[in-house]
>>> print(open('my_file_22.cif').read())   # mmCIF, C-alpha atoms and all ligand atoms
data_my_file
loop_
_atom_site.label_atom_id
_atom_site.label_comp_id
_atom_site.auth_asym_id
_atom_site.auth_seq_id
_atom_site.Cartn_x
_atom_site.Cartn_y
_atom_site.Cartn_z
CA MET A 12 0.00 0.00 0.00
CA THR A 13 1.38 3.39 -0.98
CA LYS A 14 0.71 6.82 0.43
CA LYS A 15 -1.76 7.28 -2.42
CA ASP A 16 -3.64 4.10 -1.47
CA ILE A 17 -3.89 5.19 2.15
CA PHE A 18 -4.99 8.70 1.26
CA SER A 19 -7.60 7.29 -1.07
CA LEU A 20 -9.05 5.29 1.83
CA ALA A 21 -9.44 8.43 3.95
CA ARG A 22 -12.42 10.76 3.71
CA LYS A 23 -11.81 13.35 1.00
CA GLU A 24 -13.10 16.24 3.09
CA ILE A 25 -10.62 15.36 5.82
CA LEU A 26 -7.68 15.31 3.44
CA LYS A 27 -8.71 18.78 2.30
CA LEU A 28 -9.13 20.03 5.85
CA ILE A 29 -6.76 22.72 7.02
CA PRO A 30 -6.12 21.83 10.66
CA TYR A 31 -6.30 24.50 13.35
CA LYS A 32 -2.79 25.74 13.93
CA SER A 33 -2.35 26.26 17.62
CA ALA A 34 -0.05 28.83 19.13
CA ARG A 35 2.18 26.16 20.56
CA ASP A 36 2.66 24.27 17.28
CA ASP A 37 5.69 26.36 16.38
CA PHE A 38 7.24 27.16 19.74
CA SER A 39 6.31 24.50 22.19
CA SER A 40 9.83 23.53 23.27
CA ASP A 41 11.06 27.14 23.49
CA GLN A 42 8.85 28.14 26.38
CA LYS A 43 11.71 28.42 28.84
CA LYS A 44 13.93 30.50 26.51
CA MET A 45 11.42 32.85 24.89
CA ILE A 46 8.92 35.35 26.20
CA MET A 47 5.65 33.65 25.42
CA MET A 48 2.99 36.23 24.48
CA ASP A 49 1.14 34.23 21.86
CA ALA A 50 -1.47 32.06 23.54
CA ASN A 51 -3.39 34.30 25.96
CA GLU A 52 -2.25 32.26 28.94
CA ASN A 53 -1.81 33.57 32.47
CA PRO A 54 1.93 34.33 32.72
CA PHE A 55 2.24 33.60 36.44
CA GLU A 56 3.91 30.26 36.71
CA ASN A 57 2.49 27.17 38.20
CA ASP A 58 3.02 23.76 36.62
CA LEU A 59 -0.03 24.13 34.44
CA ASN A 60 -0.24 27.77 33.30
CA ARG A 61 1.06 26.96 29.79
CA TYR A 62 -0.66 24.91 27.11
CA PRO A 63 0.91 21.48 26.57
CA ASP A 64 2.92 20.54 23.47
CA PRO A 65 0.22 19.87 20.82
CA MET A 66 2.31 17.02 19.36
CA GLN A 67 3.53 15.54 22.68
CA ASN A 68 7.02 15.16 21.25
CA LYS A 69 8.84 14.46 24.50
CA LEU A 70 6.47 11.67 25.43
CA LYS A 71 6.39 10.29 21.89
CA LYS A 72 10.19 10.14 21.84
CA ARG A 73 10.16 8.00 24.95
CA ILE A 74 7.42 5.77 23.56
CA ALA A 75 9.26 5.53 20.23
CA GLU A 76 12.40 4.30 22.02
CA SER A 77 10.58 1.72 24.06
CA LYS A 78 8.43 0.41 21.19
CA LYS A 79 11.19 0.69 18.57
CA VAL A 80 9.14 2.76 16.15
CA ASN A 81 9.64 6.22 14.65
CA LEU A 82 8.21 9.36 16.19
CA ASP A 83 5.99 9.92 13.16
CA GLU A 84 4.49 6.44 13.56
CA ILE A 85 2.79 7.36 16.85
CA TYR A 86 -0.49 9.11 17.57
CA LEU A 87 -1.73 9.63 21.13
CA GLY A 88 -5.34 9.91 22.19
CA ASN A 89 -7.51 10.51 25.23
CA GLY A 90 -7.63 6.76 25.91
CA SER A 91 -7.90 4.16 23.16
CA ASP A 92 -11.57 5.02 22.99
CA ASP A 93 -10.62 8.37 21.49
CA ILE A 94 -8.30 6.68 18.98
CA ILE A 95 -11.07 4.31 17.88
CA ASN A 96 -13.31 7.34 17.33
CA GLN A 97 -10.64 9.29 15.44
CA LEU A 98 -9.94 6.32 13.13
CA ILE A 99 -13.63 6.07 12.30
CA ILE A 100 -13.91 9.83 11.69
CA ALA A 101 -10.81 9.80 9.46
CA PHE A 102 -11.71 6.86 7.25
CA CYS A 103 -15.47 6.31 7.31
CA ARG A 104 -18.00 8.47 5.46
CA PRO A 105 -21.25 8.88 7.44
CA ASN A 106 -24.14 6.81 6.06
CA ILE A 107 -21.91 5.29 3.37
CA ASP A 108 -19.02 3.32 4.88
CA SER A 109 -18.89 0.47 7.38
CA ILE A 110 -16.60 -1.08 9.92
CA LEU A 111 -16.40 -4.82 10.59
CA ILE A 112 -16.36 -6.30 14.10
CA CYS A 113 -16.46 -9.85 15.44
CA PRO A 114 -18.86 -10.26 18.39
CA PRO A 115 -18.49 -10.92 21.24
CA THR A 116 -16.11 -7.98 21.12
CA PHE A 117 -15.28 -4.69 22.85
CA GLY A 118 -18.43 -2.57 22.80
CA MET A 119 -16.92 0.82 21.95
CA TYR A 120 -16.23 0.03 18.28
CA GLU A 121 -19.94 -0.13 17.57
CA VAL A 122 -20.74 2.83 19.86
CA HIS A 123 -18.30 5.08 17.99
CA ALA A 124 -19.51 3.75 14.65
CA ASN A 125 -23.10 4.57 15.65
CA LEU A 126 -22.13 8.03 16.86
CA ASN A 127 -20.56 8.71 13.47
CA LEU A 128 -23.47 7.20 11.46
CA ILE A 129 -21.33 4.27 10.35
CA LYS A 130 -22.73 0.77 9.93
CA SER A 131 -21.08 -2.07 11.90
CA LEU A 132 -20.92 -5.34 9.95
CA LYS A 133 -20.87 -8.21 12.43
CA VAL A 134 -19.08 -11.49 11.77
CA PRO A 135 -19.37 -13.50 15.00
CA LEU A 136 -16.45 -15.43 16.40
CA SER A 137 -16.80 -19.22 16.32
CA LEU A 138 -18.32 -20.96 19.36
CA GLN A 139 -14.76 -21.38 20.68
CA PHE A 140 -14.28 -17.62 20.18
CA ASN A 141 -11.89 -17.88 17.23
CA LEU A 142 -11.83 -15.55 14.24
CA GLU A 143 -13.76 -16.84 11.23
CA GLU A 144 -11.59 -15.35 8.53
CA GLU A 145 -13.44 -16.87 5.60
CA SER A 146 -16.74 -15.40 6.84
CA ILE A 147 -14.95 -12.09 7.35
CA PHE A 148 -13.77 -12.11 3.72
CA SER A 149 -17.22 -12.95 2.42
CA SER A 150 -18.84 -10.23 4.55
CA ILE A 151 -16.54 -7.36 3.61
CA GLN A 152 -18.36 -4.84 1.42
CA LYS A 153 -17.04 -2.33 -1.08
CA ASN A 154 -17.25 0.45 1.49
CA THR A 155 -15.92 -1.46 4.51
CA LYS A 156 -13.07 0.68 5.75
CA ILE A 157 -11.86 -0.69 9.10
CA ILE A 158 -11.78 -4.12 10.75
CA PHE A 159 -11.36 -3.88 14.54
CA ILE A 160 -9.78 -6.89 16.27
CA PRO A 161 -9.02 -6.77 19.99
CA ASN A 162 -6.16 -9.15 20.76
CA PRO A 163 -6.53 -10.52 23.45
CA ASN A 164 -10.26 -10.23 23.03
CA ASN A 165 -12.62 -8.52 25.45
CA PRO A 166 -14.86 -9.93 27.01
CA THR A 167 -13.70 -13.49 26.30
CA GLY A 168 -10.03 -12.99 27.26
CA ASN A 169 -8.55 -15.30 24.62
CA SER A 170 -6.11 -14.24 21.94
CA PHE A 171 -6.32 -15.05 18.26
CA SER A 172 -3.94 -16.89 15.95
CA ASP A 173 -1.30 -14.50 14.56
CA LEU A 174 -1.53 -16.29 11.21
CA LYS A 175 -5.27 -15.66 10.96
CA ILE A 176 -4.79 -12.00 11.82
CA GLN A 177 -2.02 -11.67 9.23
CA LYS A 178 -4.20 -13.35 6.63
CA ILE A 179 -6.88 -10.74 7.33
CA ILE A 180 -4.37 -7.87 7.06
CA ASP A 181 -2.98 -9.37 3.83
CA ASN A 182 -6.33 -9.80 2.17
CA PHE A 183 -8.15 -6.62 3.16
CA SER A 184 -7.67 -3.39 1.28
CA GLY A 185 -8.88 -1.24 4.18
CA ILE A 186 -7.43 -0.63 7.64
CA VAL A 187 -7.01 -3.47 10.15
CA ALA A 188 -6.90 -2.11 13.70
CA ILE A 189 -5.45 -4.56 16.22
CA ASP A 190 -6.43 -3.38 19.68
CA GLU A 191 -3.76 -4.60 22.11
CA ALA A 192 -5.26 -3.08 25.27
CA TYR A 193 -4.03 -6.06 27.32
CA SER A 194 -0.57 -6.33 25.74
CA GLU A 195 1.31 -6.28 29.06
CA PHE A 196 -0.47 -9.45 30.15
CA TYR A 197 -0.25 -11.23 26.80
CA GLU A 198 2.69 -13.52 26.30
CA GLY A 199 2.39 -13.64 22.51
CA ASP A 200 3.92 -11.15 20.09
CA SER A 201 2.69 -7.63 19.59
CA PHE A 202 1.82 -6.50 16.06
CA VAL A 203 3.61 -3.17 16.58
CA PRO A 204 6.82 -4.29 14.76
CA LEU A 205 4.69 -5.17 11.73
CA ILE A 206 3.51 -1.61 11.05
CA SER A 207 6.51 -1.16 8.74
CA LYS A 208 5.55 -4.26 6.76
CA TYR A 209 1.79 -3.71 6.54
CA LYS A 210 0.78 -0.20 5.52
CA ASN A 211 -2.88 -0.88 6.37
CA LEU A 212 -2.10 -2.03 9.91
CA VAL A 213 -2.95 0.08 12.96
CA VAL A 214 -2.05 -1.13 16.45
CA ILE A 215 -3.75 0.44 19.47
CA GLN A 216 -2.35 0.15 23.00
CA THR A 217 -3.23 1.91 26.24
CA PHE A 218 -1.88 3.11 29.57
CA SER A 219 -5.20 2.10 31.19
CA LYS A 220 -4.65 -1.59 31.91
CA GLY A 221 -1.25 -3.08 32.73
CA GLN A 222 0.37 0.36 32.99
CA GLY A 223 -2.04 1.32 35.76
CA LEU A 224 -3.00 4.78 34.50
CA ALA A 225 -6.69 4.37 33.61
CA GLY A 226 -7.44 7.71 35.27
CA ALA A 227 -4.95 9.57 33.09
CA ARG A 228 -6.71 8.56 29.83
CA LEU A 229 -3.86 7.88 27.43
CA GLY A 230 -4.07 5.64 24.39
CA MET A 231 -1.36 4.97 21.81
CA CYS A 232 -1.80 4.33 18.14
CA PHE A 233 1.02 2.91 16.02
CA ALA A 234 0.83 2.94 12.23
CA ASN A 235 2.75 4.09 9.18
CA LYS A 236 3.34 7.82 8.98
CA TYR A 237 0.65 8.48 6.37
CA ILE A 238 -2.09 7.13 8.63
CA ILE A 239 -0.64 9.14 11.54
CA GLU A 240 -0.56 12.25 9.35
CA ILE A 241 -4.27 11.86 8.67
CA LEU A 242 -5.06 11.37 12.38
CA ASN A 243 -3.01 14.45 13.26
CA LYS A 244 -5.17 16.51 10.91
CA ILE A 245 -8.31 15.85 12.90
CA LYS A 246 -7.10 15.88 16.48
CA ALA A 247 -8.05 18.59 18.94
CA PRO A 248 -5.16 21.10 19.24
CA TYR A 249 -4.08 20.17 22.78
CA ASN A 250 -5.57 16.71 22.95
CA ILE A 251 -3.31 15.32 25.69
CA ASN A 252 -3.03 17.37 28.86
CA SER A 253 0.20 18.10 30.75
CA LEU A 254 -0.76 16.06 33.82
CA THR A 255 -1.24 13.00 31.67
CA VAL A 256 2.03 13.53 29.80
CA ASP A 257 3.90 13.83 33.11
CA ALA A 258 2.23 10.77 34.58
CA ALA A 259 3.09 8.72 31.48
CA LEU A 260 6.73 9.88 31.45
CA LYS A 261 7.06 8.91 35.11
CA LYS A 262 5.44 5.58 34.41
CA LEU A 263 7.84 4.86 31.54
CA ASP A 264 10.69 5.32 34.03
CA LYS A 265 9.19 2.68 36.26
CA GLN A 266 8.51 -0.21 33.94
CA ASP A 267 10.21 -2.60 36.38
CA ILE A 268 7.41 -1.87 38.88
CA VAL A 269 4.75 -2.20 36.18
CA TYR A 270 6.08 -5.60 35.11
CA GLN A 271 6.37 -6.74 38.73
CA GLN A 272 2.68 -5.89 39.15
CA VAL A 273 1.83 -7.60 35.88
CA ARG A 274 3.62 -10.77 37.03
CA GLU A 275 1.76 -10.64 40.32
CA ILE A 276 -1.58 -10.19 38.55
CA ILE A 277 -0.88 -13.16 36.26
CA GLU A 278 0.12 -15.33 39.25
CA GLU A 279 -3.04 -14.26 41.04
CA LYS A 280 -5.09 -15.06 37.94
CA ASN A 281 -3.65 -18.58 37.85
CA ARG A 282 -4.28 -19.00 41.57
CA LEU A 283 -7.87 -17.79 41.21
CA LEU A 284 -8.54 -20.10 38.26
CA ASN A 285 -7.20 -23.00 40.24
CA GLU A 286 -9.20 -22.15 43.38
CA ILE A 287 -12.53 -21.77 41.62
CA LYS A 288 -12.35 -24.76 39.32
CA ASN A 289 -14.41 -26.95 41.66
CA VAL A 290 -17.16 -24.40 42.31
CA LYS A 291 -20.31 -26.24 41.26
CA PHE A 292 -22.25 -23.36 39.72
CA ILE A 293 -19.31 -22.52 37.44
CA LYS A 294 -19.83 -24.53 34.29
CA LYS A 295 -16.83 -23.35 32.33
CA ILE A 296 -13.76 -21.19 32.79
CA TYR A 297 -12.49 -19.70 29.53
CA LYS A 298 -8.79 -19.48 28.75
CA SER A 299 -7.51 -15.97 29.26
CA ASP A 300 -4.45 -14.10 28.01
CA ALA A 301 -5.44 -10.91 29.83
CA ASN A 302 -5.92 -9.64 33.40
CA PHE A 303 -9.51 -10.85 33.45
CA PHE A 304 -11.29 -14.07 32.65
CA MET A 305 -14.77 -15.10 31.69
CA ILE A 306 -16.75 -17.87 33.36
CA LYS A 307 -19.98 -19.58 32.38
CA VAL A 308 -22.31 -20.10 35.31
CA ASP A 309 -25.67 -21.78 35.86
CA ASN A 310 -27.52 -18.43 35.98
CA GLY A 311 -25.63 -15.26 35.08
CA ASP A 312 -28.10 -12.71 36.47
CA LYS A 313 -28.55 -14.58 39.76
CA ARG A 314 -24.82 -15.06 40.37
CA TYR A 315 -24.07 -11.47 39.38
CA GLN A 316 -26.64 -10.23 41.93
CA GLN A 317 -25.35 -12.55 44.65
CA LEU A 318 -21.83 -11.22 44.15
CA LEU A 319 -23.14 -7.65 44.31
CA ASN A 320 -24.91 -8.47 47.59
CA LEU A 321 -21.57 -9.70 48.92
CA GLY A 322 -19.95 -6.41 47.86
CA ILE A 323 -18.17 -7.65 44.73
CA VAL A 324 -18.75 -6.03 41.35
CA VAL A 325 -17.99 -8.09 38.26
CA ARG A 326 -19.20 -7.60 34.71
CA ASN A 327 -22.33 -9.46 33.71
CA THR A 328 -21.48 -10.35 30.10
CA SER A 329 -24.52 -12.58 29.62
CA LYS A 330 -26.00 -10.32 26.92
CA TYR A 331 -22.92 -10.48 24.69
CA HIS A 332 -23.18 -12.63 21.58
CA ASN A 333 -22.81 -16.36 22.47
CA CYS A 334 -22.05 -15.45 26.10
CA LYS A 335 -25.31 -16.43 27.79
CA ASN A 336 -24.83 -16.87 31.57
CA THR A 337 -21.30 -15.53 31.63
CA LEU A 338 -19.50 -13.19 34.00
CA ARG A 339 -16.25 -11.37 33.30
CA ILE A 340 -13.99 -11.03 36.31
CA THR A 341 -11.01 -8.69 36.60
CA VAL A 342 -8.15 -10.09 38.68
CA GLY A 343 -7.69 -8.00 41.82
CA LYS A 344 -5.14 -7.88 44.61
CA LYS A 345 -4.59 -10.97 46.76
CA ASP A 346 -7.09 -9.98 49.48
CA GLU A 347 -9.70 -9.01 46.88
CA ASN A 348 -9.25 -12.34 45.12
CA ASN A 349 -9.57 -14.13 48.45
CA ALA A 350 -12.84 -12.28 49.02
CA LEU A 351 -14.06 -13.53 45.64
CA ILE A 352 -13.05 -17.11 46.43
CA SER A 353 -14.85 -17.00 49.73
CA ALA A 354 -17.94 -15.38 48.12
CA PHE A 355 -18.01 -18.21 45.56
CA SER A 356 -17.90 -20.86 48.26
CA LYS A 357 -20.78 -19.17 50.13
CA MET A 358 -22.76 -18.88 46.90
CA ASP A 359 -22.15 -22.51 46.00
CA LEU A 360 -24.45 -23.57 48.82
CA LYS A 361 -27.35 -21.47 47.52
C1 LIG B 1 -10.16 -4.12 23.99
C2 LIG B 1 -10.23 -2.80 24.64
N1 LIG B 1 -9.87 -1.72 23.94
C3 LIG B 1 -9.91 -0.48 24.48
C4 LIG B 1 -10.34 -0.29 25.77
C5 LIG B 1 -10.42 1.12 26.29
O1 LIG B 1 -9.23 1.52 26.77
P1 LIG B 1 -8.93 3.05 27.16
O2 LIG B 1 -9.06 3.13 28.62
O3 LIG B 1 -7.53 3.25 26.67
O4 LIG B 1 -9.91 3.93 26.45
C6 LIG B 1 -10.73 -1.37 26.54
C7 LIG B 1 -11.23 -1.16 27.91
O5 LIG B 1 -11.90 -1.93 28.51
C8 LIG B 1 -10.67 -2.65 25.96
O6 LIG B 1 -11.04 -3.74 26.63
#
>>> encode(input="my_file_22.cif", output="structure tokens", more="lines below")
Ligand SMILES: Cc1ncc(COP(=O)(O)O)c(C=O)c1O
Amino acid sequence: MTKKDIFSLARKEILKLIPYKSARDDFSSDQKKMIMMDANENPFENDLNRYPDPMQNKLKKRIAESKKVNLDEIYLGNGSDDIINQLIIAFCRPNIDSILICPPTFGMYEVHANLNLIKSLKVPLSLQFNLEEESIFSSIQKNTKIIFIPNPNNPTGNSFSDLKIQKIIDNFSGIVAIDEAYSEFYEGDSFVPLISKYKNLVVIQTFSKGQGLAGARLGMCFANKYIIEILNKIKAPYNINSLTVDAALKKLDKQDIVYQQVREIIEEKNRLLNEIKNVKFIKKIYKSDANFFMIKVDNGDKRYQQLLNLGIVVRNTSKYHNCKNTLRITVGKKDENNALISAFSKMDLK
């Protein structure tokens, strides 16, 4: 795929758009050296009196080093949710184009599609929650622009075969967005290194899960520079705030702590899975490559309510496609997991 191919996928009106040029676009790193009288800020210093760098270059440099990509292959958003929305805005024409999703899947793809008047084509996963690539190929329409694939998948927790995903990227002329929200917990390979090979590949990651910064709202998008150029055209001028940038930079300095926590969460997941395997009302525990797992129970609504009554909130996923009577459980800290185990044993008697 060439630059021309990618630009021809994008909405024409967006390519023509002249982005708002913010005051800090030209002089963001010179704030300390120059007298800044261009952005109507309050000149009295506190840590937040100046607008942030519109392009987040300092943070992107750090991310570029750690992910081994170029600076111009990164776009940052207000959580991955924002990135999903921006991708849809950039590539999908309202009331004309479609995205393709594979239920049960993360709900926000369809929400953002709906908000932007974009149809969501649905190609369900198999009963074992695998991708059905042949059905995907036969369902793609002329105006299908983006296929969203969370890997590992939410809510089921399993990951998909790399070969199947690559086959989809190889055979689709639109954008394939691999959403790696749970990458820290997943022992398989990330698709980030493949953005140089596949020009239609977008990889989304987040600081919300393993990195422990859900409150900061920071999502990362990795793709070839032409896709990033298009996303940069439509972003809000100062789309990532200074507090978030600082929190992320600090976090990137402490990856040893993050990975220690990730290891602990994975150990706790394995302990939990082992402890609950003999609970009678649990009919199935699904394999998980993330920091949560899905279980099938005798009665999803009843067990969800019982857990609530015992002060434990899980996600009732029973309404998701092919997920009748399922609950999705996020792994907590040791004492929280112990509380869940003891709640399950109390519930097993009722
Ligand atoms: C697959 C997937 N993608 C994206 C997100 C949203 O992440 P963020 O907090 O970065 O918006 C989630 C959150 O649950 C998710 O499960």
>>> residues_near_point(input="my_file_22.cif", point="(-11.2, -11.5, 31.8)", cutoff="10 Å", atoms="only C-alpha atoms", output="PDB file with C-alpha atoms, in the coordinates of the input")
ATOM      1  CA  PRO A 163      -6.530 -10.520  23.450  1.00  0.00           C
ATOM      2  CA  ASN A 164     -10.260 -10.230  23.030  1.00  0.00           C
ATOM      3  CA  ASN A 165     -12.620  -8.520  25.450  1.00  0.00           C
ATOM      4  CA  PRO A 166     -14.860  -9.930  27.010  1.00  0.00           C
ATOM      5  CA  THR A 167     -13.700 -13.490  26.300  1.00  0.00           C
ATOM      6  CA  GLY A 168     -10.030 -12.990  27.260  1.00  0.00           C
ATOM      7  CA  ASN A 169      -8.550 -15.300  24.620  1.00  0.00           C
ATOM      8  CA  LYS A 280      -5.090 -15.060  37.940  1.00  0.00           C
ATOM      9  CA  TYR A 297     -12.490 -19.700  29.530  1.00  0.00           C
ATOM     10  CA  LYS A 298      -8.790 -19.480  28.750  1.00  0.00           C
ATOM     11  CA  SER A 299      -7.510 -15.970  29.260  1.00  0.00           C
ATOM     12  CA  ASP A 300      -4.450 -14.100  28.010  1.00  0.00           C
ATOM     13  CA  ALA A 301      -5.440 -10.910  29.830  1.00  0.00           C
ATOM     14  CA  ASN A 302      -5.920  -9.640  33.400  1.00  0.00           C
ATOM     15  CA  PHE A 303      -9.510 -10.850  33.450  1.00  0.00           C
ATOM     16  CA  PHE A 304     -11.290 -14.070  32.650  1.00  0.00           C
ATOM     17  CA  MET A 305     -14.770 -15.100  31.690  1.00  0.00           C
ATOM     18  CA  ILE A 306     -16.750 -17.870  33.360  1.00  0.00           C
ATOM     19  CA  VAL A 325     -17.990  -8.090  38.260  1.00  0.00           C
ATOM     20  CA  ARG A 326     -19.200  -7.600  34.710  1.00  0.00           C
ATOM     21  CA  LEU A 338     -19.500 -13.190  34.000  1.00  0.00           C
ATOM     22  CA  ARG A 339     -16.250 -11.370  33.300  1.00  0.00           C
ATOM     23  CA  ILE A 340     -13.990 -11.030  36.310  1.00  0.00           C
ATOM     24  CA  THR A 341     -11.010  -8.690  36.600  1.00  0.00           C
ATOM     25  CA  VAL A 342      -8.150 -10.090  38.680  1.00  0.00           C
TER      26      VAL A 342
END
>>> closest_atom_pairs(input="my_file_22.cif", of="chain A", to="ligand LIG 1 (chain B)", cutoff="8 Å", atoms="only C-alpha atoms and all ligand atoms", output="tab-separated table")
residue	atom	partner	partner_atom	distance
A:Asn89	CA	B:LIG1	O4	7.1
A:Gly90	CA	B:LIG1	O3	3.6
A:Ser91	CA	B:LIG1	O3	3.6
A:Asp92	CA	B:LIG1	O4	4.0
A:Asp93	CA	B:LIG1	O4	6.7
A:Thr116	CA	B:LIG1	C1	7.7
A:Phe117	CA	B:LIG1	C1	5.3
A:Met119	CA	B:LIG1	C3	7.6
A:Pro161	CA	B:LIG1	C1	4.9
A:Asn162	CA	B:LIG1	C1	7.2
A:Pro163	CA	B:LIG1	C1	7.4
A:Asn164	CA	B:LIG1	C1	6.2
A:Asn165	CA	B:LIG1	O6	5.2
A:Pro166	CA	B:LIG1	O6	7.3
A:Asp190	CA	B:LIG1	N1	5.7
A:Glu191	CA	B:LIG1	C1	6.7
A:Ala192	CA	B:LIG1	N1	5.0
A:Tyr193	CA	B:LIG1	C1	7.2
A:Ile215	CA	B:LIG1	N1	7.9
A:Gln216	CA	B:LIG1	O3	7.1
A:Thr217	CA	B:LIG1	O3	4.5
A:Phe218	CA	B:LIG1	O3	6.4
A:Ser219	CA	B:LIG1	O2	4.8
A:Lys220	CA	B:LIG1	O2	7.2
A:Ala225	CA	B:LIG1	O2	5.7
A:Arg228	CA	B:LIG1	O2	6.0
A:Leu229	CA	B:LIG1	O3	6.0
A:Gly230	CA	B:LIG1	O3	4.8
>>> closest_residue(input="my_file_22.cif", among="A:Ser77, A:Ser33, A:Ser356, A:Gln97", to="Ile245 of chain A", atoms="only C-alpha atoms")
A:Gln97
>>> atom_distance(input="my_file_22.cif", atom1="atom CA of Thr13 of chain A", atom2="atom CA of Ser109 of chain A")
22.1 Å
>>> closest_residue(input="my_file_22.cif", among="A:Ser137, A:Ser172, A:Gln67, A:Asn211", to="Ile251 of chain A", atoms="all atoms listed in the file")
A:Gln67
>>> closest_residue(input="my_file_22.cif", among="A:Met66, A:Met358, A:Val308, A:Leu20", to="Leu321 of chain A", atoms="all atoms listed in the file")
A:Met358
>>> residues_near_point(input="my_file_22.cif", point="(8.8, -10.7, 32.3)", cutoff="10 Å", atoms="all atoms listed in the file", output="list of chain:residue names")
A:Glu195, A:Phe196, A:Glu198, A:Asp267, A:Tyr270, A:Gln271, A:Val273, A:Arg274
>>> closest_residue(input="my_file_22.cif", among="A:Leu360, A:Asp49, A:Lys294, A:Ala101", to="Lys27 of chain A", atoms="only C-alpha atoms")
A:Ala101
>>> atom_distance(input="my_file_22.cif", atom1="atom CA of Lys345 of chain A", atom2="atom CA of Glu278 of chain A")
9.9 Å
>>> residues_around(input="my_file_22.cif", residues="Lys23 of chain A", least_positions_apart="3", cutoff="12 Å", atoms="all atoms listed in the file", output="ChimeraX atom specification")
/A:17-20,26-28,100-104,241
>>> residues_around(input="my_file_22.cif", residues="Phe148 of chain A", least_positions_apart="4", cutoff="9 Å", atoms="all atoms listed in the file", output="list of chain:residue names")
A:Glu143, A:Glu144, A:Gln152, A:Ile179, A:Asn182, A:Phe183
>>> closest_residue(input="my_file_22.cif", among="A:Leu82, A:Leu138, A:Ala350, A:Met231", to="Ile95 of chain A", atoms="all atoms listed in the file")
A:Met231
>>> closest_residue(input="my_file_22.cif", among="A:Leu284, A:Val269, A:Leu263, A:Ile160", to="Lys72 of chain A", atoms="all atoms listed in the file")
A:Leu263
>>> atom_distance(input="my_file_22.cif", atom1="atom CA of Phe292 of chain A", atom2="atom CA of Ile276 of chain A")
24.5 Å
>>> residues_around(input="my_file_22.cif", residues="Leu205 of chain A", least_positions_apart="2", cutoff="10 Å", atoms="only C-alpha atoms", output="tab-separated table (two decimals) with C-alpha atoms, keeping the file's coordinate frame")
chain	number	residue	atom	x	y	z
A	177	GLN	CA	-2.02	-11.67	9.23
A	201	SER	CA	2.69	-7.63	19.59
A	202	PHE	CA	1.82	-6.50	16.06
A	203	VAL	CA	3.61	-3.17	16.58
A	207	SER	CA	6.51	-1.16	8.74
A	208	LYS	CA	5.55	-4.26	6.76
A	209	TYR	CA	1.79	-3.71	6.54
A	210	LYS	CA	0.78	-0.20	5.52
A	212	LEU	CA	-2.10	-2.03	9.91
A	213	VAL	CA	-2.95	0.08	12.96
A	214	VAL	CA	-2.05	-1.13	16.45
A	233	PHE	CA	1.02	2.91	16.02
A	234	ALA	CA	0.83	2.94	12.23
A	235	ASN	CA	2.75	4.09	9.18
